[in-house]
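Reproduced below: entry.cif, with mmCIF, C-alpha atoms.
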data_my_file
#
loop_
_atom_site.label_atom_id
_atom_site.label_comp_id
_atom_site.auth_asym_id
_atom_site.auth_seq_id
_atom_site.Cartn_x
_atom_site.Cartn_y
_atom_site.Cartn_z
CA MET T 1 118.90 94.25 93.43
CA THR T 2 120.72 93.67 90.16
CA ASP T 3 122.74 96.39 88.45
CA ARG T 4 120.35 96.32 85.54
CA SER T 5 117.25 97.07 87.59
CA GLU T 6 119.23 99.62 89.61
CA ASP T 7 120.13 101.34 86.36
CA GLN T 8 116.51 101.23 85.23
CA ALA T 9 115.29 102.70 88.49
CA ASP T 10 117.97 105.42 88.32
CA ALA T 11 116.96 106.33 84.77
CA PHE T 12 113.30 106.31 85.70
CA PHE T 13 113.61 108.54 88.76
CA HIS T 14 116.13 110.82 87.09
CA ALA T 15 113.81 111.26 84.12
CA LEU T 16 110.88 112.16 86.34
CA ALA T 17 112.86 114.27 88.80
CA ASP T 18 112.25 117.34 86.68
CA ARG T 19 109.08 119.44 86.53
CA THR T 20 109.24 120.06 82.78
CA ARG T 21 109.77 116.38 82.03
CA ARG T 22 106.83 115.39 84.22
CA ASP T 23 104.73 117.97 82.41
CA ILE T 24 105.85 116.58 79.03
CA MET T 25 104.90 113.08 80.23
CA ARG T 26 101.42 114.24 81.18
CA ARG T 27 100.90 115.71 77.72
CA VAL T 28 102.24 112.74 75.76
CA LEU T 29 100.34 110.21 77.92
CA ALA T 30 97.16 112.09 76.99
CA GLY T 31 97.98 111.92 73.25
CA GLN T 32 100.65 112.05 70.57
CA HIS T 33 102.48 115.36 70.20
CA SER T 34 105.15 116.57 67.80
CA VAL T 35 108.35 117.82 69.42
CA SER T 36 107.71 121.26 67.90
CA ALA T 37 104.18 121.35 69.36
CA LEU T 38 105.65 120.47 72.75
CA ALA T 39 108.39 123.05 72.40
CA ALA T 40 105.76 125.75 71.78
CA LYS T 41 104.28 125.04 75.25
CA TYR T 42 107.41 125.94 77.17
CA ASP T 43 109.42 129.07 77.65
CA MET T 44 112.62 127.42 76.50
CA SER T 45 114.44 126.64 73.28
CA PHE T 46 113.44 123.85 70.92
CA ALA T 47 116.81 122.23 71.62
CA ALA T 48 116.19 122.27 75.38
CA VAL T 49 112.78 120.61 74.97
CA GLN T 50 114.31 118.10 72.58
CA LYS T 51 116.87 117.27 75.24
CA HIS T 52 114.15 116.66 77.83
CA VAL T 53 112.35 114.38 75.36
CA ALA T 54 115.60 112.48 74.81
CA VAL T 55 116.02 111.86 78.57
CA LEU T 56 112.46 110.51 78.80
CA GLU T 57 113.02 108.36 75.72
CA LYS T 58 116.21 106.92 77.20
CA ALA T 59 114.32 106.00 80.37
CA GLY T 60 111.79 104.14 78.18
CA LEU T 61 108.94 106.42 79.22
CA LEU T 62 108.06 107.60 75.73
CA THR T 63 108.64 106.63 72.12
CA LYS T 64 109.56 108.86 69.19
CA LEU T 65 108.36 108.27 65.66
CA ARG T 66 109.50 110.18 62.58
CA SER T 67 106.71 111.36 60.30
CA GLY T 68 108.08 113.41 57.39
CA ARG T 69 109.84 116.38 58.94
CA GLU T 70 108.11 115.96 62.28
CA GLN T 71 109.11 113.84 65.26
CA LEU T 72 105.99 112.50 66.96
CA VAL T 73 106.18 111.60 70.63
CA SER T 74 103.89 109.19 72.54
CA GLY T 75 103.98 108.27 76.21
CA ASP T 76 104.31 104.62 77.11
CA VAL T 77 101.62 104.00 79.73
CA ALA T 78 102.97 100.51 80.45
CA ALA T 79 106.42 101.91 81.20
CA VAL T 80 105.00 104.54 83.53
CA ARG T 81 103.16 101.74 85.27
CA SER T 82 106.39 99.83 85.72
CA VAL T 83 107.28 98.10 88.93
CA ALA T 84 109.14 101.21 90.03
CA SER T 85 106.11 103.40 89.55
CA MET T 86 103.81 100.88 91.19
CA LEU T 87 106.01 100.77 94.27
CA ALA T 88 106.01 104.58 94.24
CA GLU T 89 102.22 104.54 94.09
CA LEU T 90 101.98 102.08 96.96
CA GLU T 91 104.45 104.19 98.89
CA GLN T 92 101.95 107.07 98.70
CA VAL T 93 99.25 104.85 100.24
CA TRP T 94 101.58 103.88 103.07
CA ARG T 95 102.69 107.48 103.59
CA GLY T 96 99.03 108.39 103.99
CA ARG T 97 98.64 105.79 106.74
CA ILE T 98 101.81 106.91 108.50
CA ALA T 99 100.68 110.54 108.41
CA ARG T 100 97.32 109.52 109.92
CA ILE T 101 99.08 107.56 112.70
CA ASP T 102 101.19 110.63 113.40
CA ASP T 103 98.04 112.80 113.61
CA LEU T 104 96.28 110.28 115.82
CA ILE T 105 99.20 110.06 118.26
CA ALA T 106 99.61 113.83 118.30
CA SER T 107 95.96 114.18 119.33
CA ASP T 108 96.50 112.16 122.53
CA PRO T 109 95.62 114.39 125.51
CA ASP T 110 98.53 113.66 127.85
CA GLN T 111 101.23 112.53 125.57
CA GLU T 112 103.17 115.59 124.38
CA ASP T 113 105.17 117.51 126.95
CA MET S 1 106.79 114.13 107.68
CA PRO S 2 107.71 111.25 109.97
CA VAL S 3 108.92 109.03 107.08
CA THR S 4 112.71 108.85 107.33
CA ASP S 5 113.62 106.18 104.78
CA VAL S 6 112.10 104.46 101.78
CA ARG S 7 113.45 101.48 99.88
CA HIS S 8 112.06 100.07 96.65
CA ASP S 9 113.42 96.62 95.89
CA LEU S 10 112.38 96.08 92.28
CA ASP S 11 113.70 92.52 92.10
CA ASN S 12 111.98 91.23 95.20
CA LEU S 13 108.89 93.45 94.77
CA THR S 14 109.35 94.73 98.27
CA LEU S 15 108.51 98.13 99.63
CA THR S 16 110.10 99.27 102.90
CA LEU S 17 109.18 102.46 104.73
CA VAL S 18 110.78 103.64 107.95
CA ALA S 19 108.97 106.25 110.02
CA GLU S 20 109.60 107.90 113.36
CA PHE S 21 106.80 108.71 115.74
CA ALA S 22 107.01 110.97 118.79
CA ALA S 23 105.52 108.39 121.13
CA PRO S 24 106.65 105.25 122.94
CA VAL S 25 106.59 101.84 121.25
CA GLU S 26 103.59 100.80 123.38
CA ARG S 27 101.58 103.75 122.11
CA VAL S 28 102.30 102.95 118.45
CA TRP S 29 101.44 99.30 119.11
CA GLN S 30 98.04 100.41 120.42
CA VAL S 31 97.20 101.85 116.98
CA TYR S 32 97.26 98.28 115.64
CA ALA S 33 95.96 96.53 118.75
CA ASP S 34 92.84 98.70 119.00
CA PRO S 35 90.43 98.22 116.07
CA ARG S 36 88.89 101.69 116.62
CA GLN S 37 92.33 103.27 116.19
CA LEU S 38 93.31 101.01 113.32
CA GLU S 39 90.27 102.01 111.30
CA GLN S 40 91.14 105.67 111.78
CA VAL S 41 94.49 105.21 110.07
CA TRP S 42 94.06 102.35 107.59
CA GLY S 43 91.81 103.89 104.96
CA PRO S 44 92.26 107.30 103.35
CA PRO S 45 89.61 109.94 104.15
CA THR S 46 87.87 109.11 100.85
CA TYR S 47 87.81 105.37 101.64
CA PRO S 48 87.38 105.09 105.42
CA ALA S 49 87.94 101.65 106.91
CA THR S 50 85.62 99.78 109.29
CA VAL S 51 87.22 96.94 111.26
CA VAL S 52 84.58 94.31 112.03
CA GLU S 53 86.77 91.55 113.46
CA HIS S 54 90.11 91.96 115.15
CA ASP S 55 92.27 89.22 116.61
CA LEU S 56 95.89 90.26 116.68
CA ARG S 57 97.28 86.85 117.64
CA PRO S 58 99.13 84.30 115.54
CA GLY S 59 96.51 82.61 113.35
CA GLY S 60 94.02 85.40 114.10
CA ARG S 61 92.10 87.42 111.55
CA VAL S 62 91.46 91.11 111.15
CA ASN S 63 88.50 91.69 108.83
CA TYR S 64 87.74 95.12 107.49
CA PHE S 65 85.97 96.89 104.71
CA MET S 66 86.53 100.28 103.16
CA THR S 67 83.65 102.44 101.98
CA GLY S 68 84.10 104.49 98.82
CA PRO S 69 82.53 107.83 97.93
CA GLU S 70 79.64 106.08 96.11
CA GLY S 71 78.94 103.87 99.12
CA ASP S 72 80.86 101.03 97.44
CA LYS S 73 82.38 98.58 99.89
CA HIS S 74 85.71 96.80 99.47
CA ALA S 75 86.54 94.06 101.96
CA GLY S 76 89.96 92.91 103.00
CA TYR S 77 91.51 90.77 105.66
CA TRP S 78 94.72 90.21 107.53
CA LEU S 79 95.78 86.73 108.45
CA VAL S 80 98.11 87.31 111.38
CA THR S 81 101.14 85.03 111.11
CA ALA S 82 103.39 86.18 113.98
CA VAL S 83 103.11 88.54 116.94
CA ASP S 84 105.80 89.76 119.29
CA GLU S 85 104.01 92.40 121.34
CA PRO S 86 104.82 95.30 121.30
CA THR S 87 107.74 95.16 118.90
CA SER S 88 106.55 93.35 115.76
CA PHE S 89 103.82 91.49 113.97
CA ALA S 90 103.48 89.87 110.57
CA PHE S 91 100.41 89.28 108.45
CA GLU S 92 99.15 88.37 105.04
CA ASP S 93 96.98 91.12 103.58
CA GLY S 94 94.38 90.00 101.05
CA PHE S 95 91.04 90.83 99.51
CA ALA S 96 87.76 89.21 100.46
CA ASP S 97 84.07 89.21 99.58
CA LEU S 98 81.69 91.11 101.83
CA ASP S 99 81.29 87.99 104.01
CA PHE S 100 85.08 88.08 104.47
CA ASN S 101 85.80 84.92 102.53
CA PRO S 102 89.27 85.44 101.06
CA ASN S 103 89.23 85.98 97.30
CA PRO S 104 91.74 83.45 95.97
CA ASN S 105 91.94 85.21 92.60
CA LEU S 106 93.39 88.36 94.08
CA PRO S 107 96.94 88.73 95.32
CA VAL S 108 98.04 88.44 98.93
CA SER S 109 100.97 90.48 100.23
CA GLN S 110 103.32 89.49 103.05
CA ASN S 111 103.80 92.24 105.59
CA VAL S 112 106.04 92.72 108.61
CA TYR S 113 105.62 95.77 110.85
CA SER S 114 108.19 96.33 113.57
CA PHE S 115 108.65 98.99 116.22
CA ALA S 116 111.78 99.92 118.16
CA ALA S 117 112.49 102.59 120.75
CA HIS S 118 114.55 105.33 119.15
CA GLY S 119 115.57 108.74 120.50
CA GLY S 120 112.70 108.96 122.99
CA GLY S 121 110.17 107.93 120.36
CA THR S 122 109.54 104.98 118.10
CA ARG S 123 111.12 103.95 114.86
CA ALA S 124 108.61 101.90 112.85
CA THR S 125 109.67 99.75 109.91
CA TYR S 126 107.02 98.63 107.42
CA VAL S 127 107.91 95.93 104.90
CA GLY S 128 105.51 94.60 102.28
CA THR S 129 106.31 91.97 99.64
CA TYR S 130 104.28 91.08 96.56
CA ALA S 131 104.45 87.83 94.65
CA SER S 132 104.66 89.33 91.15
CA ALA S 133 104.41 92.56 89.20
CA GLU S 134 100.89 91.48 88.19
CA ALA S 135 99.99 91.09 91.85
CA LEU S 136 101.26 94.58 92.60
CA GLN S 137 99.27 95.97 89.68
CA GLN S 138 96.10 94.22 90.89
CA VAL S 139 96.54 95.59 94.39
CA LEU S 140 96.80 99.11 93.02
CA ASP S 141 93.83 98.54 90.71
CA MET S 142 91.66 97.26 93.55
CA GLY S 143 91.03 100.68 94.98
CA ILE S 144 93.40 100.74 97.88
CA VAL S 145 94.63 103.93 96.25
CA GLU S 146 92.42 106.93 96.68
CA GLY S 147 90.70 107.20 93.33
CA ALA S 148 92.13 106.19 90.00
CA SER S 149 94.76 108.80 89.32
CA LEU S 150 97.56 108.22 86.86
CA ALA S 151 100.74 106.92 88.38
CA ILE S 152 102.49 110.01 87.10
CA ASN S 153 100.54 112.22 89.50
CA GLN S 154 101.59 110.04 92.41
CA ILE S 155 105.21 110.33 91.38
CA ASP S 156 104.75 114.08 91.13
CA ALA S 157 103.56 114.16 94.73
CA LEU S 158 106.37 111.86 95.79
CA LEU S 159 109.03 114.07 94.26
CA ALA S 160 107.45 117.25 95.57
CA SER S 161 107.32 115.98 99.15
#

Serialized structure, structure tokens:
Amino acid sequence: MTDRSEDQADAFFHALADRTRRDIMRRVLAGQHSVSALAAKYDMSFAAVQKHVAVLEKAGLLTKLRSGREQLVSGDVAAVRSVASMLAELEQVWRGRIARIDDLIASDPDQED
Amino acid sequence: MPVTDVRHDLDNLTLTLVAEFAAPVERVWQVYADPRQLEQVWGPPTYPATVVEHDLRPGGRVNYFMTGPEGDKHAGYWLVTAVDEPTSFAFEDGFADLDFNPNPNLPVSQNVYSFAAHGGGTRATYVGTYASAEALQQVLDMGIVEGASLAINQIDALLAS
């Protein structure tokens, strides 16, 4: 793995390793929001929400656009569906299979002692 | 959860999962060697798998289809490329039509599953490699994932687990 893709993966997982940031991503993937409209949704300061938006922007997950006095935020669906996220999605499929194997083996009559 | 390690290799489009099962290697092998067991684990509850042909030998084929909630059927196949019973096997995993003719327009992944005795149980290593990001996208779009949920929800589950 190159340093560059390692850095990208780090930024990606760091950005999404936070409940508020994942919630922001869900909102901005559904439609454009101003930072102030987002800030109103959370029990935290405008500056704190702005900081979360900045982390997501740095990871390339959303884009910010200035419109007059407002900053408008849109999620980048393509970025969310990056290779990293696709591998994460596939991982969930595989985890499902592994969990089912575990269940199947655990149901063997004479195996556990 | 039995999964003990996960590696995402973004450059080589390779996913590796390591899991530990509380059963001997031979028992884990049986899950793959017995089509009735394989179909219990391959598809998610919403897309159960039916294995209609099963030849776990080099050059052999495993043909299966998965049935969706609307009765929709999605066929796939394994082309078994190497077998070292009971410790490893390799196969190409692809999509097919309902007569199990491989669909050449859809991607094929290279998979190696291996099993080693570990601490009284089995350590299983699953490695899958995709040819391109487009191939990976197509695989995910083809309904091997349960339903069409946004990737973000999957990541949510991943990080919560």

_Using the chain letters and numbers from this file, what does the PyMOL selection byres ((chain S and resi 67) around 12) select? Give the answer as number ranges by chain._
S: 39, 42-51, 64-66, 68-76, 98, 143-144, 146

Saved selection, atoms kept: C-alpha atoms, as a tab-separated table (two decimals), keeping the file's coordinate frame:
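Generated file (again_21.tsv):
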chain	number	residue	atom	x	y	z
S	39	GLU	CA	90.27	102.01	111.30
S	42	TRP	CA	94.06	102.35	107.59
S	43	GLY	CA	91.81	103.89	104.96
S	44	PRO	CA	92.26	107.30	103.35
S	45	PRO	CA	89.61	109.94	104.15
S	46	THR	CA	87.87	109.11	100.85
S	47	TYR	CA	87.81	105.37	101.64
S	48	PRO	CA	87.38	105.09	105.42
S	49	ALA	CA	87.94	101.65	106.91
S	50	THR	CA	85.62	99.78	109.29
S	51	VAL	CA	87.22	96.94	111.26
S	64	TYR	CA	87.74	95.12	107.49
S	65	PHE	CA	85.97	96.89	104.71
S	66	MET	CA	86.53	100.28	103.16
S	68	GLY	CA	84.10	104.49	98.82
S	69	PRO	CA	82.53	107.83	97.93
S	70	GLU	CA	79.64	106.08	96.11
S	71	GLY	CA	78.94	103.87	99.12
S	72	ASP	CA	80.86	101.03	97.44
S	73	LYS	CA	82.38	98.58	99.89
S	74	HIS	CA	85.71	96.80	99.47
S	75	ALA	CA	86.54	94.06	101.96
S	76	GLY	CA	89.96	92.91	103.00
S	98	LEU	CA	81.69	91.11	101.83
S	143	GLY	CA	91.03	100.68	94.98
S	144	ILE	CA	93.40	100.74	97.88
S	146	GLU	CA	92.42	106.93	96.68

*Output the residue selection produced by the PyMOL selection byres ((chain T) within 6 of (chain S)) on the file above, formatted as a list in words.*
Met1, Glu89, Arg97, Arg100 and Ile101 of chain T

Restrict the selected residues to C-alpha atoms and save them as a short mmCIF file (atom, residue, chain, number, x, y, z; two decimals), keeping the file's coordinate frame.
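Written output follows (part35.cif):
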data_model
loop_
_atom_site.label_atom_id
_atom_site.label_comp_id
_atom_site.auth_asym_id
_atom_site.auth_seq_id
_atom_site.Cartn_x
_atom_site.Cartn_y
_atom_site.Cartn_z
CA MET T 1 118.90 94.25 93.43
CA GLU T 89 102.22 104.54 94.09
CA ARG T 97 98.64 105.79 106.74
CA ARG T 100 97.32 109.52 109.92
CA ILE T 101 99.08 107.56 112.70
#

Could you write out as an mmCIF file with C-alpha atoms, in the frame of the given file the residues that the PyMOL selection byres ((chain T and resi 38-50) around 9) matches in the shown file?
data_model
loop_
_atom_site.group_PDB
_atom_site.id
_atom_site.type_symbol
_atom_site.label_atom_id
_atom_site.label_comp_id
_atom_site.auth_asym_id
_atom_site.auth_seq_id
_atom_site.Cartn_x
_atom_site.Cartn_y
_atom_site.Cartn_z
ATOM 1 C CA THR T 20 109.240 120.060 82.780
ATOM 2 C CA ARG T 21 109.770 116.380 82.030
ATOM 3 C CA ILE T 24 105.850 116.580 79.030
ATOM 4 C CA ARG T 27 100.900 115.710 77.720
ATOM 5 C CA VAL T 28 102.240 112.740 75.760
ATOM 6 C CA HIS T 33 102.480 115.360 70.200
ATOM 7 C CA SER T 34 105.150 116.570 67.800
ATOM 8 C CA VAL T 35 108.350 117.820 69.420
ATOM 9 C CA SER T 36 107.710 121.260 67.900
ATOM 10 C CA ALA T 37 104.180 121.350 69.360
ATOM 11 C CA LYS T 51 116.870 117.270 75.240
ATOM 12 C CA HIS T 52 114.150 116.660 77.830
ATOM 13 C CA VAL T 53 112.350 114.380 75.360
ATOM 14 C CA ALA T 54 115.600 112.480 74.810
ATOM 15 C CA VAL T 55 116.020 111.860 78.570
#

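With CA of Glu70 (chain T) on one side and CA of Leu56 (chain T) on the other, the separation reads 17.9 Å.
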
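Separating CA of Thr4 (chain S) from CA of Thr122 (chain S) is a distance of 11.9 Å.
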
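Interatomic distance, CA of Thr63 (chain T) to CA of Gly75 (chain T): 6.4 Å.
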
*Counting all atoms listed in the file, the residue of S:His54, S:Asn111, S:Asp93, S:Ala82 that sits nearest Thr125 (chain S)*: S:Asn111

Would you kindly identify which residues have an atom no farther than 10 Å from (107.9, 90.9, 113.3), using all atoms listed in the file and the file's own coordinates, and write them out as a compact mmCIF listing (two decimals) with C-alpha atoms, in the frame of the given file?
# COMPACT_ATOMS: atom_id res chain seq x y z
CA THR S 81 101.14 85.03 111.11
CA ALA S 82 103.39 86.18 113.98
CA VAL S 83 103.11 88.54 116.94
CA ASP S 84 105.80 89.76 119.29
CA GLU S 85 104.01 92.40 121.34
CA PRO S 86 104.82 95.30 121.30
CA THR S 87 107.74 95.16 118.90
CA SER S 88 106.55 93.35 115.76
CA PHE S 89 103.82 91.49 113.97
CA ALA S 90 103.48 89.87 110.57
CA PHE S 91 100.41 89.28 108.45
CA ASN S 111 103.80 92.24 105.59
CA VAL S 112 106.04 92.72 108.61
CA TYR S 113 105.62 95.77 110.85
CA SER S 114 108.19 96.33 113.57
CA PHE S 115 108.65 98.99 116.22
CA THR S 125 109.67 99.75 109.91
CA TYR S 126 107.02 98.63 107.42
CA VAL S 127 107.91 95.93 104.90

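With only C-alpha atoms as the atoms that count, the minimum distance from Gly119 (chain S) to the choices S:Pro58, S:Glu53, S:Tyr77, S:Val25 is reached by S:Val25.
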
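With all atoms listed in the file as the atoms that count, the minimum distance from Val77 (chain T) to the choices T:Arg19, T:Asp108, T:Leu62, T:His14 is reached by T:Leu62.
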
Can you give me N, CA, C and O atoms for region 79-90 of chain S, written as a PDB file, in the frame of the given file?
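Result file is selection15.pdb:
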ATOM      1  N   LEU S  79      95.574  87.980 107.738  1.00  0.00           N
ATOM      2  CA  LEU S  79      95.780  86.730 108.450  1.00  0.00           C
ATOM      3  C   LEU S  79      97.080  86.917 109.225  1.00  0.00           C
ATOM      4  O   LEU S  79      98.165  87.037 108.639  1.00  0.00           O
ATOM      5  N   VAL S  80      96.951  87.002 110.539  1.00  0.00           N
ATOM      6  CA  VAL S  80      98.110  87.310 111.380  1.00  0.00           C
ATOM      7  C   VAL S  80      98.982  86.059 111.470  1.00  0.00           C
ATOM      8  O   VAL S  80      98.484  84.975 111.785  1.00  0.00           O
ATOM      9  N   THR S  81     100.265  86.200 111.143  1.00  0.00           N
ATOM     10  CA  THR S  81     101.140  85.030 111.110  1.00  0.00           C
ATOM     11  C   THR S  81     102.131  85.006 112.275  1.00  0.00           C
ATOM     12  O   THR S  81     102.622  83.936 112.643  1.00  0.00           O
ATOM     13  N   ALA S  82     102.446  86.147 112.856  1.00  0.00           N
ATOM     14  CA  ALA S  82     103.390  86.180 113.980  1.00  0.00           C
ATOM     15  C   ALA S  82     103.141  87.464 114.764  1.00  0.00           C
ATOM     16  O   ALA S  82     102.798  88.500 114.180  1.00  0.00           O
ATOM     17  N   VAL S  83     103.287  87.367 116.081  1.00  0.00           N
ATOM     18  CA  VAL S  83     103.110  88.540 116.940  1.00  0.00           C
ATOM     19  C   VAL S  83     104.168  88.519 118.017  1.00  0.00           C
ATOM     20  O   VAL S  83     104.350  87.499 118.688  1.00  0.00           O
ATOM     21  N   ASP S  84     104.866  89.622 118.183  1.00  0.00           N
ATOM     22  CA  ASP S  84     105.800  89.760 119.290  1.00  0.00           C
ATOM     23  C   ASP S  84     105.517  91.130 119.916  1.00  0.00           C
ATOM     24  O   ASP S  84     106.164  92.127 119.597  1.00  0.00           O
ATOM     25  N   GLU S  85     104.480  91.147 120.763  1.00  0.00           N
ATOM     26  CA  GLU S  85     104.010  92.400 121.340  1.00  0.00           C
ATOM     27  C   GLU S  85     105.068  92.995 122.263  1.00  0.00           C
ATOM     28  O   GLU S  85     105.620  92.259 123.077  1.00  0.00           O
ATOM     29  N   PRO S  86     105.361  94.281 122.197  1.00  0.00           N
ATOM     30  CA  PRO S  86     104.820  95.300 121.300  1.00  0.00           C
ATOM     31  C   PRO S  86     105.790  95.659 120.170  1.00  0.00           C
ATOM     32  O   PRO S  86     105.753  96.789 119.678  1.00  0.00           O
ATOM     33  N   THR S  87     106.665  94.743 119.806  1.00  0.00           N
ATOM     34  CA  THR S  87     107.740  95.160 118.900  1.00  0.00           C
ATOM     35  C   THR S  87     107.546  94.723 117.448  1.00  0.00           C
ATOM     36  O   THR S  87     108.183  95.312 116.565  1.00  0.00           O
ATOM     37  N   SER S  88     106.736  93.694 117.173  1.00  0.00           N
ATOM     38  CA  SER S  88     106.550  93.350 115.760  1.00  0.00           C
ATOM     39  C   SER S  88     105.345  92.434 115.570  1.00  0.00           C
ATOM     40  O   SER S  88     104.924  91.722 116.488  1.00  0.00           O
ATOM     41  N   PHE S  89     104.795  92.508 114.380  1.00  0.00           N
ATOM     42  CA  PHE S  89     103.820  91.490 113.970  1.00  0.00           C
ATOM     43  C   PHE S  89     103.893  91.346 112.460  1.00  0.00           C
ATOM     44  O   PHE S  89     104.383  92.224 111.757  1.00  0.00           O
ATOM     45  N   ALA S  90     103.442  90.174 111.998  1.00  0.00           N
ATOM     46  CA  ALA S  90     103.480  89.870 110.570  1.00  0.00           C
ATOM     47  C   ALA S  90     102.105  89.385 110.142  1.00  0.00           C
ATOM     48  O   ALA S  90     101.387  88.754 110.936  1.00  0.00           O
TER      49      ALA S  90
END
